[in-house]
$ cat model_1.csv   # CSV, C-alpha atoms
chain,number,residue,atom,x,y,z
O,1,MET,CA,17.5,-68.9,-25.8
O,2,ALA,CA,20.8,-69.6,-23.9
O,3,TYR,CA,21.7,-65.9,-24.1
O,4,LEU,CA,18.4,-64.8,-22.8
O,5,LEU,CA,18.6,-67.3,-19.9
O,6,ILE,CA,22.1,-66.1,-19.1
O,7,SER,CA,21.2,-62.5,-19.3
O,8,VAL,CA,18.1,-62.9,-17.1
O,9,THR,CA,20.1,-64.8,-14.5
O,10,LEU,CA,22.8,-62.2,-14.5
O,11,LEU,CA,20.3,-59.4,-14.2
O,12,HIS,CA,18.7,-61.2,-11.3
O,13,LEU,CA,22.1,-61.7,-9.5
O,14,ILE,CA,23.1,-58.1,-10.1
O,15,THR,CA,19.8,-56.8,-8.7
O,16,LEU,CA,20.1,-59.1,-5.7
O,17,ALA,CA,23.6,-57.9,-5.0
O,18,MET,CA,22.5,-54.3,-5.4
O,19,LEU,CA,19.5,-54.9,-3.0
O,20,PHE,CA,21.8,-56.4,-0.4
O,21,ILE,CA,24.3,-53.6,-0.6
O,22,ALA,CA,21.5,-51.0,-0.4
O,23,THR,CA,20.1,-52.7,2.7
O,24,MET,CA,23.3,-53.3,4.6
O,25,GLU,CA,25.7,-50.5,3.6
O,26,LYS,CA,26.1,-47.2,5.6
O,27,SER,CA,25.1,-44.5,3.2
O,28,TRP,CA,21.3,-43.8,3.0
O,29,TRP,CA,21.9,-40.2,4.2
O,30,VAL,CA,25.2,-38.3,4.0
O,31,TRP,CA,26.1,-35.1,5.8
O,32,ASN,CA,29.7,-35.0,4.7
O,33,PRO,CA,32.2,-37.7,3.6
O,34,THR,CA,32.9,-38.7,7.2
O,35,GLU,CA,29.3,-38.7,8.6
O,36,THR,CA,26.6,-41.0,7.2
O,37,SER,CA,23.4,-42.7,8.3
O,38,ASP,CA,22.0,-46.0,7.1
O,39,LEU,CA,18.9,-48.0,8.1
O,40,TRP,CA,20.4,-49.0,11.5
O,41,TYR,CA,23.3,-46.7,12.5
O,42,ASN,CA,24.6,-43.2,12.4
O,43,CYS,CA,28.3,-43.3,11.7
O,44,ARG,CA,31.2,-41.0,11.6
O,45,PHE,CA,34.8,-41.6,10.7
O,46,ASP,CA,37.3,-40.9,13.5
O,47,ASN,CA,40.6,-39.6,12.0
O,48,ALA,CA,42.5,-40.2,15.2
O,49,THR,CA,41.8,-43.9,15.3
O,50,GLY,CA,41.1,-44.5,11.6
O,51,SER,CA,37.8,-46.3,12.3
O,52,ARG,CA,34.1,-45.7,12.0
O,53,LEU,CA,32.2,-44.9,15.2
O,54,CYS,CA,28.6,-45.9,15.0
O,55,ALA,CA,25.5,-45.3,17.2
O,56,THR,CA,22.1,-46.9,16.7
O,57,ILE,CA,19.4,-44.7,15.3
O,58,LYS,CA,16.3,-44.0,17.4
O,59,GLU,CA,13.8,-46.3,15.8
O,60,THR,CA,10.6,-44.7,14.5
O,61,GLU,CA,7.7,-46.4,12.9
O,62,TRP,CA,8.8,-45.1,9.5
O,63,LEU,CA,12.3,-46.4,9.9
O,64,GLN,CA,11.0,-49.8,10.9
O,65,ALA,CA,8.8,-49.8,7.9
O,66,VAL,CA,11.7,-49.1,5.6
O,67,GLN,CA,13.9,-51.7,7.3
O,68,VAL,CA,11.2,-54.4,7.0
O,69,LEU,CA,10.4,-53.6,3.4
O,70,MET,CA,14.1,-53.6,2.3
O,71,ILE,CA,14.6,-57.0,4.1
O,72,LEU,CA,11.5,-58.4,2.5
O,73,SER,CA,12.7,-57.2,-0.9
O,74,VAL,CA,16.0,-59.1,-0.4
O,75,VAL,CA,14.1,-62.2,0.8
O,76,PHE,CA,11.6,-62.1,-2.2
O,77,SER,CA,14.5,-61.8,-4.6
O,78,SER,CA,16.5,-64.6,-3.0
O,79,VAL,CA,13.5,-66.9,-2.9
O,80,SER,CA,12.8,-66.0,-6.5
O,81,PHE,CA,16.3,-67.0,-7.5
O,82,LEU,CA,16.1,-70.3,-5.7
O,83,VAL,CA,12.7,-71.1,-7.1
O,84,PHE,CA,14.0,-70.2,-10.6
O,85,LEU,CA,16.9,-72.7,-10.2
O,86,GLY,CA,14.5,-75.3,-9.0
O,87,GLN,CA,12.1,-74.7,-11.9
O,88,LEU,CA,14.9,-74.7,-14.4
O,89,PHE,CA,15.7,-78.3,-13.6
O,90,THR,CA,12.2,-79.7,-12.7
O,91,MET,CA,9.7,-77.9,-14.9
O,92,SER,CA,8.5,-79.5,-18.0
O,93,LYS,CA,9.2,-78.1,-21.5
O,94,GLY,CA,7.1,-75.1,-22.4
O,95,GLY,CA,6.4,-74.1,-18.8
O,96,LEU,CA,6.4,-70.5,-17.6
O,97,PHE,CA,8.2,-69.1,-14.7
O,98,TYR,CA,5.2,-67.4,-13.1
O,99,PHE,CA,6.1,-67.8,-9.4
O,100,THR,CA,9.7,-66.6,-10.0
O,101,GLY,CA,8.4,-63.5,-11.9
O,102,LEU,CA,5.8,-62.8,-9.2
O,103,CYS,CA,8.4,-62.9,-6.5
O,104,GLN,CA,10.6,-60.5,-8.4
O,105,VAL,CA,7.6,-58.1,-8.9
O,106,PHE,CA,6.9,-58.3,-5.2
O,107,ALA,CA,10.5,-57.6,-4.5
O,108,SER,CA,10.3,-54.5,-6.8
O,109,LEU,CA,7.1,-53.3,-5.0
O,110,THR,CA,8.6,-53.7,-1.5
O,111,ALA,CA,11.8,-51.9,-2.6
O,112,PHE,CA,9.7,-49.1,-4.2
O,113,SER,CA,7.6,-48.8,-1.0
O,114,ALA,CA,10.7,-48.5,1.2
O,115,ALA,CA,12.3,-45.9,-1.1
O,116,VAL,CA,9.1,-43.8,-1.2
O,117,ILE,CA,8.7,-44.0,2.6
O,118,TYR,CA,12.3,-42.9,3.1
O,119,THR,CA,12.0,-40.1,0.6
O,120,LEU,CA,8.8,-38.7,2.1
O,121,HIS,CA,9.6,-39.3,5.8
O,122,ASN,CA,13.4,-38.8,6.1
O,123,LYS,CA,12.9,-35.9,8.4
O,124,GLU,CA,11.0,-38.1,10.9
O,125,ILE,CA,13.5,-40.9,10.4
O,126,LEU,CA,16.5,-38.7,11.1
O,127,LEU,CA,14.9,-36.7,13.8
O,128,ASP,CA,17.5,-37.2,16.5
O,129,SER,CA,20.4,-37.0,14.0
O,130,LYS,CA,22.0,-33.9,12.7
O,131,ILE,CA,20.1,-31.2,10.9
O,132,GLN,CA,18.7,-32.7,7.7
O,133,THR,CA,19.2,-29.6,5.6
O,134,SER,CA,23.0,-30.0,5.6
O,135,GLY,CA,23.0,-33.4,4.1
O,136,GLY,CA,21.6,-35.4,1.2
O,137,PHE,CA,20.7,-38.9,0.0
O,138,GLY,CA,23.5,-41.4,-0.2
O,139,TYR,CA,24.4,-44.0,-2.8
O,140,CYS,CA,22.5,-46.8,-1.0
O,141,PHE,CA,19.3,-44.8,-1.3
O,142,ILE,CA,20.0,-44.3,-5.0
O,143,LEU,CA,20.8,-48.1,-5.4
O,144,ALA,CA,17.4,-48.9,-3.8
O,145,TRP,CA,15.7,-46.7,-6.4
O,146,VAL,CA,17.7,-48.2,-9.3
O,147,CYS,CA,16.7,-51.7,-8.2
O,148,VAL,CA,13.0,-50.9,-8.6
O,149,PRO,CA,12.9,-50.8,-12.4
O,150,LEU,CA,15.5,-53.6,-12.7
O,151,LEU,CA,13.5,-55.9,-10.4
O,152,LEU,CA,10.3,-55.1,-12.2
O,153,SER,CA,11.7,-55.7,-15.7
O,154,SER,CA,13.3,-58.9,-14.4
O,155,GLY,CA,10.0,-60.0,-13.0
O,156,VAL,CA,8.2,-59.3,-16.3
O,157,LEU,CA,10.9,-61.2,-18.2
O,158,TYR,CA,10.5,-64.2,-16.0
O,159,ILE,CA,6.7,-64.2,-16.4
O,160,HIS,CA,7.2,-64.2,-20.2
O,161,LEU,CA,10.1,-66.6,-20.3
O,162,ARG,CA,9.3,-70.2,-21.4
O,163,LYS,CA,11.4,-73.2,-20.7
O,164,LYS,CA,12.8,-74.9,-23.8
O,165,GLU,CA,15.0,-77.9,-24.1
$ encode --input "model_1.csv" --output "structure tokens"
Amino acid sequence: MAYLLISVTLLHLITLAMLFIATMEKSWWVWNPTETSDLWYNCRFDNATGSRLCATIKETEWLQAVQVLMILSVVFSSVSFLVFLGQLFTMSKGGLFYFTGLCQVFASLTAFSAAVIYTLHNKEILLDSKIQTSGGFGYCFILAWVCVPLLLSSGVLYIHLRKKE
């Protein structure tokens, strides 16, 4: 039981870190190694100064939907972890972690929705950026997709996990 508890907790913390990185890092769309776009900025690396120069993205409805859904996913997963810690110390023996599991499932669904919207509407999201045909999806976009099954499996594990002494 202790190994299962430790592994579920580690899975939760890993997915939470991956979600946070996917939401905040600067690589949802990559044109080349020096020019990237994330959910908030278009950035390019300036060799002369050795720093990144970033400009805000023109906000479209699709971009705002992706931003909100990714932030909600991080919030659901964070709340889920805090509730899990609370339930771990206050719940009676034999109790199930339903609320924790449901929060993880909701986090999975919101991350899934954000990734699907970005996949289907990246041309509208990157409208004022460079030509989309010259670039591709970045590692943060891939992290968001990887988080979906991990969050879903974590949520299912929490729903079936029983507290034992």
$ closest_residue --input "model_1.csv" --among "O:Ser154, O:Asn122, O:Gln67, O:Thr60" --to "Val105 of chain O" --atoms "all atoms listed in the file"
O:Ser154
$ residues_around --input "model_1.csv" --residues "Leu13 of chain O" --least-positions-apart "3" --cutoff "12 Å" --atoms "only C-alpha atoms" --output "ChimeraX atom specification"
/O:6-10,16-20,74,77-78,80-82,84,104,147,150-151,154
$ residues_around --input "model_1.csv" --residues "segment 33-35 of chain O" --least-positions-apart "4" --cutoff "12 Å" --atoms "all atoms listed in the file" --output "list of chain:residue names"
O:Lys26, O:Ser27, O:Trp28, O:Trp29, O:Tyr41, O:Asn42, O:Cys43, O:Arg44, O:Phe45, O:Asp46, O:Asn47, O:Gly50, O:Ser51, O:Arg52, O:Leu53, O:Cys54, O:Ala55, O:Ser129, O:Lys130, O:Ser134, O:Gly135, O:Gly136, O:Gly138, O:Tyr139
$ closest_residue --input "model_1.csv" --among "O:Leu161, O:Leu143, O:Ile21, O:Leu126" --to "Lys93 of chain O" --atoms "only C-alpha atoms"
O:Leu161
$ atom_distance --input "model_1.csv" --atom1 "atom CA of Phe141 of chain O" --atom2 "atom CA of Phe106 of chain O"
18.7 Å
$ atom_distance --input "model_1.csv" --atom1 "atom CA of Phe137 of chain O" --atom2 "atom CA of Trp31 of chain O"
8.8 Å
$ closest_atom_pairs --input "model_1.csv" --of "segment 33-69 of chain O" --to "segment 114-118 of chain O" --cutoff "8 Å" --atoms "all atoms listed in the file" --output "JSON lines"
{"residue": "O:Trp62", "atom": "CA", "partner": "O:Ile117", "partner_atom": "CA", "distance": 7.0}
{"residue": "O:Leu63", "atom": "CA", "partner": "O:Tyr118", "partner_atom": "CA", "distance": 7.6}
{"residue": "O:Ala65", "atom": "CA", "partner": "O:Ala114", "partner_atom": "CA", "distance": 7.1}
{"residue": "O:Val66", "atom": "CA", "partner": "O:Ala114", "partner_atom": "CA", "distance": 4.6}
{"residue": "O:Gln67", "atom": "CA", "partner": "O:Ala114", "partner_atom": "CA", "distance": 7.6}
{"residue": "O:Leu69", "atom": "CA", "partner": "O:Ala114", "partner_atom": "CA", "distance": 5.6}
$ write_last_selection --input "model_1.csv" --atoms "C-alpha atoms" --output "mmCIF file, in the frame of the given file"
data_model
loop_
_atom_site.group_PDB
_atom_site.id
_atom_site.type_symbol
_atom_site.label_atom_id
_atom_site.label_comp_id
_atom_site.auth_asym_id
_atom_site.auth_seq_id
_atom_site.Cartn_x
_atom_site.Cartn_y
_atom_site.Cartn_z
ATOM 1 C CA TRP O 62 8.800 -45.100 9.500
ATOM 2 C CA LEU O 63 12.300 -46.400 9.900
ATOM 3 C CA ALA O 65 8.800 -49.800 7.900
ATOM 4 C CA VAL O 66 11.700 -49.100 5.600
ATOM 5 C CA GLN O 67 13.900 -51.700 7.300
ATOM 6 C CA LEU O 69 10.400 -53.600 3.400
#
$ atom_distance --input "model_1.csv" --atom1 "atom CA of Val68 of chain O" --atom2 "atom CA of His12 of chain O"
20.9 Å
$ closest_residue --input "model_1.csv" --among "O:Glu25, O:Tyr158, O:Ala111, O:Thr49" --to "Val83 of chain O" --atoms "all atoms listed in the file"
O:Tyr158
$ closest_residue --input "model_1.csv" --among "O:Val156, O:Ile57, O:Met70, O:Leu127" --to "Cys103 of chain O" --atoms "all atoms listed in the file"
O:Val156
$ closest_residue --input "model_1.csv" --among "O:Ala22, O:Leu85, O:Glu124, O:Leu4" --to "Lys58 of chain O" --atoms "only C-alpha atoms"
O:Glu124
$ closest_residue --input "model_1.csv" --among "O:Leu88, O:Ile159, O:Val148, O:Asn32" --to "Thr100 of chain O" --atoms "only C-alpha atoms"
O:Ile159
